[in-house]
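Asks: mmCIF, C-alpha atoms and all ligand atoms, file work04.cif:
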data_target
#
loop_
_atom_site.label_atom_id
_atom_site.label_comp_id
_atom_site.auth_asym_id
_atom_site.auth_seq_id
_atom_site.Cartn_x
_atom_site.Cartn_y
_atom_site.Cartn_z
CA MET A 1 17.74 -31.27 -1.64
CA PRO A 2 14.36 -29.65 -2.60
CA ALA A 3 14.05 -26.11 -1.23
CA ASN A 4 11.14 -26.91 1.10
CA LEU A 5 13.05 -29.67 2.91
CA GLN A 6 15.73 -27.30 4.22
CA LYS A 7 15.76 -26.82 8.00
CA ASP A 8 15.28 -23.05 8.25
CA ILE A 9 13.93 -20.85 5.48
CA ILE A 10 15.54 -17.43 5.87
CA ILE A 11 14.81 -14.78 3.24
CA LEU A 12 16.10 -11.23 2.81
CA ALA A 13 13.50 -9.05 1.04
CA ILE A 14 14.02 -5.67 -0.61
CA GLU A 15 11.28 -3.19 -1.55
CA SER A 16 12.08 -0.17 -3.75
CA SER A 17 9.00 0.43 -5.91
CA CYS A 18 8.52 4.13 -5.14
CA ASP A 19 10.23 6.44 -2.64
CA ASP A 20 10.90 4.12 0.33
CA THR A 21 13.96 1.89 0.44
CA ALA A 22 13.06 -1.04 2.66
CA ALA A 23 14.58 -4.35 3.75
CA SER A 24 13.25 -7.17 5.90
CA VAL A 25 14.39 -10.58 7.08
CA ILE A 26 11.93 -13.43 7.57
CA LYS A 27 12.71 -16.80 9.17
CA ASN A 28 10.28 -19.69 8.75
CA GLY A 29 7.42 -17.23 8.14
CA LYS A 30 8.22 -14.97 11.12
CA ILE A 31 9.43 -11.39 10.51
CA LEU A 32 12.75 -10.79 12.31
CA SER A 33 13.38 -7.23 11.07
CA ASN A 34 11.60 -4.58 9.01
CA LYS A 35 13.54 -1.39 8.17
CA VAL A 36 12.54 1.57 5.98
CA ALA A 37 14.54 4.60 4.80
CA THR A 38 12.06 7.28 3.75
CA GLN A 39 13.18 9.85 1.19
CA ALA A 40 12.35 13.30 2.56
CA ILE A 41 13.73 15.07 -0.57
CA HIS A 42 10.40 14.70 -2.43
CA GLU A 43 8.59 16.97 0.07
CA LEU A 44 10.38 19.91 -1.59
CA TYR A 45 8.75 19.11 -4.94
CA GLY A 46 5.19 18.27 -3.87
CA GLY A 47 5.47 14.70 -5.20
CA VAL A 48 7.90 11.88 -5.96
CA VAL A 49 10.61 12.85 -8.50
CA PRO A 50 11.55 9.51 -10.18
CA GLU A 51 15.18 10.42 -10.93
CA LEU A 52 15.82 11.57 -7.35
CA ALA A 53 14.07 8.47 -6.01
CA SER A 54 16.35 6.06 -7.86
CA ARG A 55 19.45 7.97 -6.79
CA ALA A 56 18.33 7.89 -3.15
CA HIS A 57 17.62 4.14 -3.42
CA GLN A 58 21.21 3.64 -4.59
CA GLN A 59 22.49 5.48 -1.51
CA ASN A 60 20.12 3.75 0.92
CA VAL A 61 19.95 0.14 -0.20
CA VAL A 62 23.25 -1.11 1.29
CA PRO A 63 22.83 0.54 4.74
CA VAL A 64 19.17 -0.51 5.02
CA VAL A 65 19.96 -4.14 4.13
CA ASP A 66 22.87 -4.08 6.56
CA ILE A 67 20.68 -2.84 9.43
CA ALA A 68 17.92 -5.35 8.62
CA LEU A 69 20.39 -8.26 8.68
CA LYS A 70 22.05 -7.03 11.89
CA GLU A 71 18.74 -6.53 13.69
CA ALA A 72 17.64 -10.02 12.63
CA GLY A 73 20.97 -11.47 13.78
CA VAL A 74 21.36 -13.17 10.40
CA GLY A 75 24.52 -13.45 8.31
CA LEU A 76 24.55 -13.51 4.50
CA ASN A 77 25.70 -17.15 4.57
CA GLN A 78 22.49 -18.16 6.38
CA LEU A 79 20.14 -16.84 3.67
CA SER A 80 17.98 -19.31 1.73
CA ALA A 81 16.85 -16.75 -0.88
CA VAL A 82 16.76 -13.06 -1.79
CA ALA A 83 13.40 -11.47 -2.65
CA PHE A 84 12.64 -8.17 -4.35
CA THR A 85 9.70 -6.13 -5.64
CA LYS A 86 9.35 -6.85 -9.34
CA GLY A 87 6.62 -4.25 -9.98
CA PRO A 88 4.49 -2.27 -10.42
CA GLY A 89 6.30 0.95 -9.55
CA LEU A 90 8.76 3.52 -10.88
CA ILE A 91 11.08 1.74 -13.29
CA GLY A 92 14.28 3.47 -12.06
CA SER A 93 13.41 2.68 -8.44
CA LEU A 94 12.55 -0.95 -9.22
CA MET A 95 15.84 -1.35 -11.11
CA VAL A 96 17.89 -0.49 -8.02
CA GLY A 97 16.21 -3.10 -5.78
CA SER A 98 16.12 -5.78 -8.48
CA SER A 99 19.79 -5.30 -9.52
CA PHE A 100 20.86 -5.45 -5.88
CA ALA A 101 18.81 -8.60 -5.19
CA LYS A 102 19.97 -10.33 -8.37
CA SER A 103 23.65 -9.61 -7.68
CA LEU A 104 23.39 -10.83 -4.09
CA ALA A 105 21.51 -14.02 -5.01
CA HIS A 106 24.02 -14.70 -7.79
CA ALA A 107 27.02 -14.16 -5.49
CA LEU A 108 25.53 -16.39 -2.77
CA HIS A 109 24.29 -19.08 -5.24
CA ILE A 110 20.78 -18.95 -3.76
CA PRO A 111 17.34 -18.54 -5.41
CA LEU A 112 15.79 -15.23 -6.34
CA VAL A 113 12.11 -14.53 -5.57
CA GLY A 114 10.27 -11.79 -7.52
CA VAL A 115 7.21 -10.32 -5.79
CA HIS A 116 4.24 -8.33 -7.14
CA HIS A 117 3.91 -5.21 -4.97
CA MET A 118 0.09 -5.22 -4.83
CA GLN A 119 -0.09 -8.94 -4.10
CA ALA A 120 2.32 -8.30 -1.23
CA HIS A 121 0.12 -5.50 0.21
CA VAL A 122 -2.70 -8.08 0.45
CA LEU A 123 -0.53 -10.87 1.87
CA ALA A 124 0.65 -8.48 4.63
CA HIS A 125 -2.45 -9.86 6.41
CA PHE A 126 -0.54 -13.09 7.03
CA ILE A 127 2.25 -11.46 9.06
CA ASN A 128 0.28 -11.24 12.32
CA ASP A 129 -2.77 -12.87 13.90
CA PRO A 130 -5.71 -12.90 13.45
CA LYS A 131 -5.40 -13.91 9.80
CA PRO A 132 -8.36 -13.79 7.38
CA GLN A 133 -9.86 -17.07 6.14
CA PHE A 134 -10.08 -17.78 2.41
CA PRO A 135 -12.01 -16.62 0.49
CA PHE A 136 -11.75 -13.04 1.71
CA LEU A 137 -12.15 -9.59 0.18
CA CYS A 138 -9.42 -6.99 0.38
CA LEU A 139 -9.83 -3.31 -0.41
CA THR A 140 -6.29 -2.44 -1.52
CA VAL A 141 -5.80 1.30 -1.43
CA SER A 142 -2.45 2.94 -2.11
CA GLY A 143 -0.90 5.92 -3.87
CA GLY A 144 -1.01 4.12 -7.23
CA HIS A 145 -3.85 1.59 -6.91
CA THR A 146 -7.39 1.21 -5.65
CA GLN A 147 -8.93 -2.21 -6.11
CA ILE A 148 -11.26 -4.73 -4.52
CA VAL A 149 -9.59 -8.12 -4.65
CA LYS A 150 -11.09 -11.54 -3.89
CA LEU A 151 -8.51 -13.89 -2.43
CA ASN A 152 -9.28 -17.56 -3.09
CA SER A 153 -5.82 -18.67 -1.92
CA TYR A 154 -2.42 -16.97 -1.48
CA PHE A 155 -1.75 -16.77 -5.21
CA ASN A 156 -5.27 -16.91 -6.58
CA GLN A 157 -6.43 -13.28 -6.48
CA GLU A 158 -9.33 -11.96 -8.57
CA ILE A 159 -9.71 -8.20 -9.08
CA LEU A 160 -13.46 -7.50 -8.77
CA GLY A 161 -13.26 -3.72 -9.24
CA LYS A 162 -10.71 -0.96 -9.59
CA THR A 163 -10.33 2.75 -10.14
CA ILE A 164 -10.84 4.00 -13.67
CA ASP A 165 -8.67 7.08 -13.04
CA ASP A 166 -6.92 8.29 -9.86
CA ALA A 167 -6.12 6.05 -6.91
CA ALA A 168 -7.54 6.86 -3.45
CA GLY A 169 -4.08 7.83 -2.15
CA GLU A 170 -3.64 10.11 -5.15
CA ALA A 171 -7.02 11.71 -4.35
CA PHE A 172 -5.85 12.39 -0.78
CA ASP A 173 -2.48 13.73 -2.00
CA LYS A 174 -3.96 15.92 -4.75
CA ALA A 175 -6.62 17.36 -2.41
CA ALA A 176 -3.88 18.09 0.14
CA LYS A 177 -1.85 19.89 -2.53
CA ILE A 178 -4.88 22.08 -3.36
CA LEU A 179 -5.02 22.95 0.36
CA GLY A 180 -1.31 23.86 0.29
CA LEU A 181 -0.23 20.87 2.42
CA PRO A 182 3.12 19.18 1.67
CA TYR A 183 3.56 15.74 0.04
CA PRO A 184 2.46 13.12 0.97
CA GLY A 185 -0.74 14.85 2.02
CA GLY A 186 -2.83 11.79 2.97
CA PRO A 187 -1.56 11.55 6.56
CA LEU A 188 -1.92 15.36 6.99
CA ILE A 189 -5.53 15.35 5.82
CA ASP A 190 -6.14 12.54 8.32
CA LYS A 191 -4.48 14.52 11.14
CA ASN A 192 -6.26 17.83 10.42
CA ALA A 193 -9.59 16.05 9.96
CA GLN A 194 -9.56 14.88 13.59
CA LEU A 195 -10.84 18.29 14.76
CA GLY A 196 -13.15 18.97 11.81
CA ASP A 197 -16.80 18.40 10.93
CA PRO A 198 -17.12 15.85 8.07
CA LYS A 199 -20.50 17.33 7.08
CA ALA A 200 -19.25 20.96 6.92
CA PHE A 201 -18.86 20.88 3.11
CA ALA A 202 -20.68 18.44 0.82
CA PHE A 203 -18.56 17.16 -2.07
CA PRO A 204 -20.38 15.12 -4.74
CA GLN A 205 -20.14 11.31 -4.70
CA PRO A 206 -18.83 9.73 -7.93
CA ASN A 207 -21.42 7.87 -9.93
CA ILE A 208 -19.60 4.83 -11.34
CA PRO A 209 -21.19 1.48 -12.22
CA GLU A 210 -20.55 -1.87 -10.49
CA LEU A 211 -17.47 -2.24 -8.29
CA ASP A 212 -15.23 0.32 -9.98
CA TYR A 213 -14.04 3.58 -8.47
CA SER A 214 -13.38 7.09 -9.77
CA PHE A 215 -11.71 9.96 -7.91
CA SER A 216 -10.83 12.50 -10.62
CA GLY A 217 -14.25 14.23 -10.54
CA LEU A 218 -14.01 14.63 -6.78
CA LYS A 219 -10.60 16.26 -7.13
CA THR A 220 -11.96 18.70 -9.73
CA SER A 221 -14.95 19.62 -7.58
CA ILE A 222 -12.66 20.26 -4.59
CA LEU A 223 -10.39 22.43 -6.78
CA TYR A 224 -13.24 24.56 -8.20
CA PHE A 225 -14.88 24.93 -4.78
CA ILE A 226 -11.63 26.10 -3.13
CA GLN A 227 -10.76 28.48 -5.99
CA LYS A 228 -14.21 30.12 -5.72
CA GLN A 229 -14.05 30.44 -1.92
CA VAL A 230 -10.48 31.79 -1.88
CA LYS A 231 -11.45 34.46 -4.42
CA GLU A 232 -14.07 35.72 -1.97
CA ASN A 233 -11.96 35.21 1.16
CA PRO A 234 -8.17 34.72 0.77
CA SER A 235 -7.97 33.20 4.29
CA PHE A 236 -10.68 30.62 3.55
CA ILE A 237 -8.35 27.61 3.68
CA GLU A 238 -6.60 28.57 6.95
CA GLU A 239 -9.92 29.41 8.60
CA ASN A 240 -11.56 26.13 7.53
CA LEU A 241 -8.68 23.66 7.29
CA ALA A 242 -10.02 21.09 9.77
CA ASN A 243 -13.52 21.14 8.28
CA LEU A 244 -12.17 20.93 4.72
CA CYS A 245 -9.95 17.95 5.58
CA ALA A 246 -12.76 16.18 7.43
CA SER A 247 -15.21 16.74 4.52
CA ILE A 248 -12.71 15.58 1.86
CA GLN A 249 -11.83 12.50 3.91
CA TYR A 250 -15.53 11.75 4.44
CA ALA A 251 -16.20 11.90 0.68
CA ILE A 252 -13.27 9.57 -0.19
CA VAL A 253 -14.03 7.07 2.58
CA LYS A 254 -17.76 7.01 1.71
CA HIS A 255 -16.99 6.13 -1.94
CA LEU A 256 -14.49 3.44 -0.88
CA MET A 257 -16.88 1.84 1.60
CA LYS A 258 -19.93 1.93 -0.71
CA LYS A 259 -18.26 -0.32 -3.32
CA LEU A 260 -16.69 -2.57 -0.69
CA GLN A 261 -20.11 -3.12 0.85
CA LEU A 262 -21.56 -3.88 -2.60
CA ALA A 263 -18.76 -6.43 -3.22
CA ALA A 264 -19.52 -8.12 0.11
CA THR A 265 -23.23 -8.32 -0.77
CA GLN A 266 -22.59 -9.63 -4.30
CA THR A 267 -20.11 -12.33 -3.20
CA GLY A 268 -21.70 -13.17 0.16
CA ILE A 269 -18.22 -12.97 1.73
CA LYS A 270 -17.99 -11.68 5.30
CA GLU A 271 -14.20 -11.84 5.73
CA ILE A 272 -13.29 -8.27 4.80
CA SER A 273 -9.89 -6.57 4.93
CA LEU A 274 -8.00 -3.41 4.07
CA ALA A 275 -4.45 -3.10 2.72
CA GLY A 276 -2.11 -0.46 1.25
CA GLY A 277 -0.98 2.96 2.43
CA VAL A 278 -4.46 4.49 2.66
CA SER A 279 -5.52 1.74 5.09
CA ALA A 280 -3.49 3.76 7.63
CA ASN A 281 -6.31 6.35 7.44
CA SER A 282 -8.02 6.53 10.84
CA ASN A 283 -11.48 7.29 9.45
CA LEU A 284 -11.35 4.44 6.92
CA ARG A 285 -10.24 2.03 9.66
CA LYS A 286 -12.99 3.20 12.02
CA THR A 287 -15.68 3.08 9.31
CA LEU A 288 -14.63 -0.45 8.29
CA GLU A 289 -14.91 -1.63 11.89
CA GLU A 290 -18.29 0.06 12.47
CA THR A 291 -19.71 -1.27 9.17
CA GLY A 292 -18.33 -4.72 9.99
CA GLN A 293 -20.06 -4.74 13.36
CA LYS A 294 -23.34 -3.71 11.75
CA LEU A 295 -23.19 -6.27 8.94
CA GLY A 296 -21.58 -9.19 10.79
CA TRP A 297 -18.24 -9.04 8.97
CA ASN A 298 -14.93 -10.22 10.40
CA THR A 299 -12.63 -7.30 9.60
CA TYR A 300 -8.84 -7.28 9.26
CA ILE A 301 -6.38 -4.39 8.99
CA PRO A 302 -2.61 -4.95 9.03
CA ALA A 303 -0.54 -3.28 11.76
CA PHE A 304 0.29 0.31 10.83
CA GLU A 305 3.92 -0.49 9.81
CA TYR A 306 2.65 -3.11 7.32
CA CYS A 307 0.06 -0.76 5.69
CA THR A 308 2.39 1.74 3.99
CA ASP A 309 5.20 0.47 1.75
CA ASN A 310 7.44 -1.96 3.61
CA ALA A 311 9.67 -4.96 2.91
CA ALA A 312 8.03 -7.26 5.49
CA MET A 313 5.08 -7.76 3.13
CA ILE A 314 7.55 -8.64 0.32
CA ALA A 315 9.26 -11.08 2.70
CA MET A 316 5.95 -12.70 3.73
CA THR A 317 4.90 -13.19 0.09
CA ALA A 318 8.37 -14.50 -0.77
CA HIS A 319 8.09 -17.04 2.03
CA TYR A 320 4.94 -18.54 0.48
CA LYS A 321 6.51 -18.45 -2.99
CA TYR A 322 9.58 -20.22 -1.65
CA LEU A 323 7.40 -22.96 -0.14
CA GLU A 324 5.88 -23.49 -3.59
CA SER A 325 9.33 -23.20 -5.30
CA ILE A 326 8.20 -20.22 -7.38
CA PHE A 327 11.54 -18.63 -8.26
CA GLU A 328 12.70 -15.94 -10.65
CA GLU A 329 15.30 -16.22 -13.40
CA GLU A 330 18.33 -13.92 -13.01
CA ASP A 331 17.58 -12.18 -16.32
CA THR A 332 14.04 -11.27 -15.17
CA ALA A 333 13.05 -7.65 -15.85
CA PRO A 334 11.07 -5.44 -13.44
CA PHE A 335 7.71 -4.18 -14.74
CA PRO A 336 6.51 -0.60 -14.07
CA ARG A 337 2.76 -1.31 -14.55
CA SER A 338 0.55 -4.17 -13.37
O1 LIG A 401 1.02 1.83 -0.20
P1 LIG A 401 1.74 3.13 -0.14
O2 LIG A 401 2.66 3.37 1.02
O3 LIG A 401 2.57 3.38 -1.44
C1 LIG A 401 2.12 3.02 -2.70
O4 LIG A 401 2.26 1.81 -3.05
O5 LIG A 401 1.54 3.91 -3.36
O6 LIG A 401 0.62 4.28 -0.18
C2 LIG A 401 0.97 5.63 -0.16
C3 LIG A 401 -0.31 6.44 -0.12
C4 LIG A 401 -0.06 7.94 -0.27
O7 LIG A 401 -0.92 8.44 -1.25
C5 LIG A 401 -0.36 8.50 1.10
O8 LIG A 401 -0.85 9.82 1.10
C6 LIG A 401 -1.44 7.53 1.57
O9 LIG A 401 -0.97 6.27 1.14
N1 LIG A 401 -1.61 7.54 3.04
C7 LIG A 401 -2.71 8.01 3.65
C8 LIG A 401 -2.48 7.89 5.04
N2 LIG A 401 -1.23 7.37 5.22
C9 LIG A 401 -0.72 7.14 3.97
N3 LIG A 401 -3.85 8.50 3.15
C10 LIG A 401 -4.80 8.89 4.01
N4 LIG A 401 -4.63 8.83 5.36
C11 LIG A 401 -3.51 8.34 5.92
N5 LIG A 401 -3.37 8.27 7.25
ZN ZN A 402 2.38 0.25 -1.92
#
What would you get if you wrote out this structure as structure tokens?
Ligand code: KG4
Ligand code: ZN
Replies:
Amino acid sequence: MPANLQKDIIILAIESSCDDTAASVIKNGKILSNKVATQAIHELYGGVVPELASRAHQQNVVPVVDIALKEAGVGLNQLSAVAFTKGPGLIGSLMVGSSFAKSLAHALHIPLVGVHHMQAHVLAHFINDPKPQFPFLCLTVSGGHTQIVKLNSYFNQEILGKTIDDAAGEAFDKAAKILGLPYPGGPLIDKNAQLGDPKAFAFPQPNIPELDYSFSGLKTSILYFIQKQVKENPSFIEENLANLCASIQYAIVKHLMKKLQLAATQTGIKEISLAGGVSANSNLRKTLEETGQKLGWNTYIPAFEYCTDNAAMIAMTAHYKYLESIFEEEDTAPFPRS
């Protein structure tokens, strides 16, 4: 019987591209469970240590899958397919999720669905209502990527612009490190910025043509500014933490929004969305909504739990792939870069 004529389509999805081990169960396009085991060990090192990440995935994958299945009330024998993140990401981390998914699909004699991590961040918009209408623009901002994508249909995505160096999440994390904040620093900059003045310190805006982004110059200017100030006053960071965080956040969000606005003007598209870990940033969310109101956009931001890395977005993407019978061979290899 063709896959799409089965009664219920139930998929177990596994995400292990970086430092979160996640599993989700989806039934007929509805998320039944979404579990994440976060690896706290990396905080000690100020960033993700690939070798430690893959070891932690090995320890976490079975319990996380178990909890996701239990919470969904689904047994292994009910699964229609197993999905996994194929890339991009850390190769050792991807290997754990892909080996697990392949073995399970093989043992259960069911199809395997490979999912592109960045495509899944965008398709997270289809988990809840309201859903964007095609064609729509998505600013996808994570720890490894920053891109403006035009979605013509689920699997027809055009990248209109992208970062030529650091990603926006990396810019947040590197700036936080300069301020002495632990990894991942993005959420801490967001939190400290709440009480600060975004105009207290003026950091230069990158000057990059068309719809591309650049964040490395901003990072360097923050570093030199802080080094100079700390030389004159060793307590400069503690005394100005809120203002520094607010000003850094303002500079990053301004650059992100400028290119997004340009993309909307160039394409004439008014369905505008955010995706990826940095879309959890409160100032970016607020600025998108305010700009949208001013310019007549319909704006979309996934629920918080679907912004940062999660397996529900892998499950949602896998559901659409299953409907189109886009399956993966068992000897498929994960890819570290897009
Ligand atoms: O999508 P994601 O969870 O993982 C990757 O695929 O990279 O994104 C992680 C990134 C990190 O750089 C983290 O600092 C950033 O998202 N992030 C934030 C916030 N929450 C997560 N950045 C700024 N403000 C936040 N509230
Ligand atoms: Zn991600």
Asks: Hey, which of A:Leu12, A:Ala200, A:Val36, A:Ala167 ends up closest to ligand LIG 401 (chain A)? Count all atoms listed in the file.
Replies: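 Of A:Leu12, A:Ala200, A:Val36, A:Ala167, the one nearest ligand LIG 401 (chain A), counting all atoms listed in the file, is A:Ala167.
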Asks: Mind pulling up the distance from atom CA of Ala124 of chain A to atom CA of Lys150 of chain A?
Replies: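 If I compute the distance from atom CA of Lys150 of chain A to atom CA of Ala124 of chain A, I get 14.8 Å.
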Asks: Using only C-alpha atoms and all ligand atoms, find each protein or nucleic acid residue lying at most 10 Å from ligand ZN 402 (chain A); present the set as a list in words.
Replies: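 The residues near ligand ZN 402 (chain A) are Glu15, Ser16, Ser17, Cys18, Asp20, Pro88, Gly89, His117, Met118, Gln119, Ala120, His121, Thr140, Val141, Ser142, Gly143, Gly144, His145, Gly169, Ala275, Gly276, Gly277, Val278, Tyr306, Cys307, Thr308, Asp309, Asn310 and Met313 of chain A.
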Asks: For each of A:Leu284, A:Ile11, A:Ala264, A:Leu32, take the minimum atom-to-atom distance to ligand LIG 401 (chain A), counting all atoms listed in the file, then give the residue where this is smallest.
Replies: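 Among the listed residues, the smallest separation from ligand LIG 401 (chain A) belongs to A:Leu284.
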Asks: Measuring between all atoms listed in the file, which one of A:Thr317, A:Thr21, A:Ser99, A:Ser221 shows the shortest distance to ligand LIG 401 (chain A)?
Replies: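 Among A:Thr317, A:Thr21, A:Ser99, A:Ser221, it is A:Thr21 that comes nearest to ligand LIG 401 (chain A).
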Asks: So how many Å separate atom CA of Ala107 of chain A and atom CA of Ala81 of chain A, to one decimal?
Replies: 11.5 Å
Asks: Enclose ligand LIG 401 (chain A), meaning all of its atoms listed in the file, in a box aligned along x, y and z, pad it by 4 Å on each side, and list the centre and edge lengths in Å to one decimal, as AutoDock Vina command-line options.
Replies:
--center_x -1.1 --center_y 5.8 --center_z 1.9 --size_x 15.5 --size_y 16.0 --size_z 18.6
Asks: For Val96 of chain A, list every protein, DNA or RNA residue within 12 Å, evaluated using all atoms listed in the file, and leave out those in the same chain fewer than 5 positions away; present the list as a PyMOL selection string.
Replies: chain A and resi 14-22+51+53-62+84-86+89-91+101-103+333-334
Asks: Taking into account only C-alpha atoms and all ligand atoms, which residue in the set A:Glu271, A:Asp129, A:Asp212, A:Asp173 is nearest to ligand LIG 401 (chain A)?
Replies: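 Using only C-alpha atoms and all ligand atoms, ligand LIG 401 (chain A) sits closest to A:Asp173.
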Asks: Skip Ile208 of chain A itself and residues of its chain fewer than 3 positions away, then list as a list of chain:residue names all residues within 12 Å of it, counting all atoms listed in the file.
Replies: A:Gly161, A:Lys162, A:Thr163, A:Ile164, A:Asp165, A:Gln205, A:Leu211, A:Asp212, A:Tyr213, A:Ser214, A:Phe215, A:Ser216, A:Gly217, A:His255, A:Leu256, A:Lys258, A:Lys259
Asks: Leu69 of chain A: which residues within 9 Å, counting all atoms listed in the file, same-chain residues fewer than 5 positions away excluded, as a list of chain:residue names?
Replies: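 Non-adjacent residues within range: A:Leu12, A:Ala23, A:Ser24, A:Val25, A:Leu32, A:Ser33, A:Val64, A:Val74, A:Gly75, A:Leu76.
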Asks: Generate the output file for the selected residues, C-alpha atoms, as a PDB file, in the coordinates of the input.
Replies:
ATOM      1  CA  LEU A  12      16.100 -11.230   2.810  1.00  0.00           C
ATOM      2  CA  ALA A  23      14.580  -4.350   3.750  1.00  0.00           C
ATOM      3  CA  SER A  24      13.250  -7.170   5.900  1.00  0.00           C
ATOM      4  CA  VAL A  25      14.390 -10.580   7.080  1.00  0.00           C
ATOM      5  CA  LEU A  32      12.750 -10.790  12.310  1.00  0.00           C
ATOM      6  CA  SER A  33      13.380  -7.230  11.070  1.00  0.00           C
ATOM      7  CA  VAL A  64      19.170  -0.510   5.020  1.00  0.00           C
ATOM      8  CA  VAL A  74      21.360 -13.170  10.400  1.00  0.00           C
ATOM      9  CA  GLY A  75      24.520 -13.450   8.310  1.00  0.00           C
ATOM     10  CA  LEU A  76      24.550 -13.510   4.500  1.00  0.00           C
TER      11      LEU A  76
END
Asks: Nearest to Gln39 of chain A among A:His319, A:Glu238, A:Leu79, A:Tyr183, with distances taken over only C-alpha atoms: which residue is it?
Replies: A:Tyr183
Asks: Using only C-alpha atoms, pick whichever of A:Glu328, A:Gly186, A:Asn77, A:Gly87 has the shortest atom-to-atom distance to His109 of chain A.
Replies: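 Answer, going by the shortest atom-to-atom distance: A:Asn77.
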Asks: If you count only C-alpha atoms, which residues fall within 12 Å of Pro130 of chain A, apart from same-chain ones fewer than 3 positions away, as a VMD selection string?
Replies: chain A and resid 124 to 127 133 271 273 298 to 303
Asks: Could you save the residues just selected, with C-alpha atoms, as a PDB file, in the coordinates of the input?
Replies:
ATOM      1  CA  ALA A 124       0.650  -8.480   4.630  1.00  0.00           C
ATOM      2  CA  HIS A 125      -2.450  -9.860   6.410  1.00  0.00           C
ATOM      3  CA  PHE A 126      -0.540 -13.090   7.030  1.00  0.00           C
ATOM      4  CA  ILE A 127       2.250 -11.460   9.060  1.00  0.00           C
ATOM      5  CA  GLN A 133      -9.860 -17.070   6.140  1.00  0.00           C
ATOM      6  CA  GLU A 271     -14.200 -11.840   5.730  1.00  0.00           C
ATOM      7  CA  SER A 273      -9.890  -6.570   4.930  1.00  0.00           C
ATOM      8  CA  ASN A 298     -14.930 -10.220  10.400  1.00  0.00           C
ATOM      9  CA  THR A 299     -12.630  -7.300   9.600  1.00  0.00           C
ATOM     10  CA  TYR A 300      -8.840  -7.280   9.260  1.00  0.00           C
ATOM     11  CA  ILE A 301      -6.380  -4.390   8.990  1.00  0.00           C
ATOM     12  CA  PRO A 302      -2.610  -4.950   9.030  1.00  0.00           C
ATOM     13  CA  ALA A 303      -0.540  -3.280  11.760  1.00  0.00           C
TER      14      ALA A 303
END
Asks: Do you have the atom CA of Leu218 of chain A-atom CA of Lys177 of chain A distance handy?
Replies: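 Pair atom CA of Leu218 of chain A / atom CA of Lys177 of chain A returns 13.9 Å.
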Asks: Give me segment 18-27 of chain A with N, CA, C and O atoms filled in, as a JSON list (two decimals), keeping the file's coordinate frame.
Replies:
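selection-v5.json, written as the output of this step:
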[["chain", "number", "residue", "atom", "x", "y", "z"],
["A", 18, "CYS", "N", 8.84, 2.70, -5.01],
["A", 18, "CYS", "CA", 8.52, 4.13, -5.14],
["A", 18, "CYS", "C", 9.59, 4.96, -4.43],
["A", 18, "CYS", "O", 10.72, 5.05, -4.91],
["A", 19, "ASP", "N", 9.26, 5.55, -3.29],
["A", 19, "ASP", "CA", 10.23, 6.44, -2.64],
["A", 19, "ASP", "C", 10.67, 5.94, -1.27],
["A", 19, "ASP", "O", 11.24, 6.71, -0.50],
["A", 20, "ASP", "N", 10.40, 4.69, -0.93],
["A", 20, "ASP", "CA", 10.90, 4.12, 0.33],
["A", 20, "ASP", "C", 11.85, 2.99, 0.00],
["A", 20, "ASP", "O", 11.50, 2.11, -0.79],
["A", 21, "THR", "N", 13.04, 3.02, 0.62],
["A", 21, "THR", "CA", 13.96, 1.89, 0.44],
["A", 21, "THR", "C", 13.79, 1.03, 1.68],
["A", 21, "THR", "O", 14.03, 1.50, 2.80],
["A", 22, "ALA", "N", 13.37, -0.23, 1.49],
["A", 22, "ALA", "CA", 13.06, -1.04, 2.66],
["A", 22, "ALA", "C", 13.67, -2.43, 2.54],
["A", 22, "ALA", "O", 13.83, -2.96, 1.44],
["A", 23, "ALA", "N", 14.03, -2.99, 3.71],
["A", 23, "ALA", "CA", 14.58, -4.35, 3.75],
["A", 23, "ALA", "C", 14.02, -5.06, 4.96],
["A", 23, "ALA", "O", 13.76, -4.45, 6.00],
["A", 24, "SER", "N", 13.81, -6.37, 4.81],
["A", 24, "SER", "CA", 13.25, -7.17, 5.90],
["A", 24, "SER", "C", 13.84, -8.57, 5.84],
["A", 24, "SER", "O", 14.19, -9.06, 4.77],
["A", 25, "VAL", "N", 13.94, -9.18, 7.02],
["A", 25, "VAL", "CA", 14.39, -10.58, 7.08],
["A", 25, "VAL", "C", 13.28, -11.41, 7.70],
["A", 25, "VAL", "O", 12.70, -11.02, 8.72],
["A", 26, "ILE", "N", 12.97, -12.53, 7.08],
["A", 26, "ILE", "CA", 11.93, -13.43, 7.57],
["A", 26, "ILE", "C", 12.52, -14.83, 7.77],
["A", 26, "ILE", "O", 13.29, -15.29, 6.92],
["A", 27, "LYS", "N", 12.20, -15.45, 8.89],
["A", 27, "LYS", "CA", 12.71, -16.80, 9.17],
["A", 27, "LYS", "C", 11.52, -17.73, 9.42],
["A", 27, "LYS", "O", 10.73, -17.46, 10.35]]
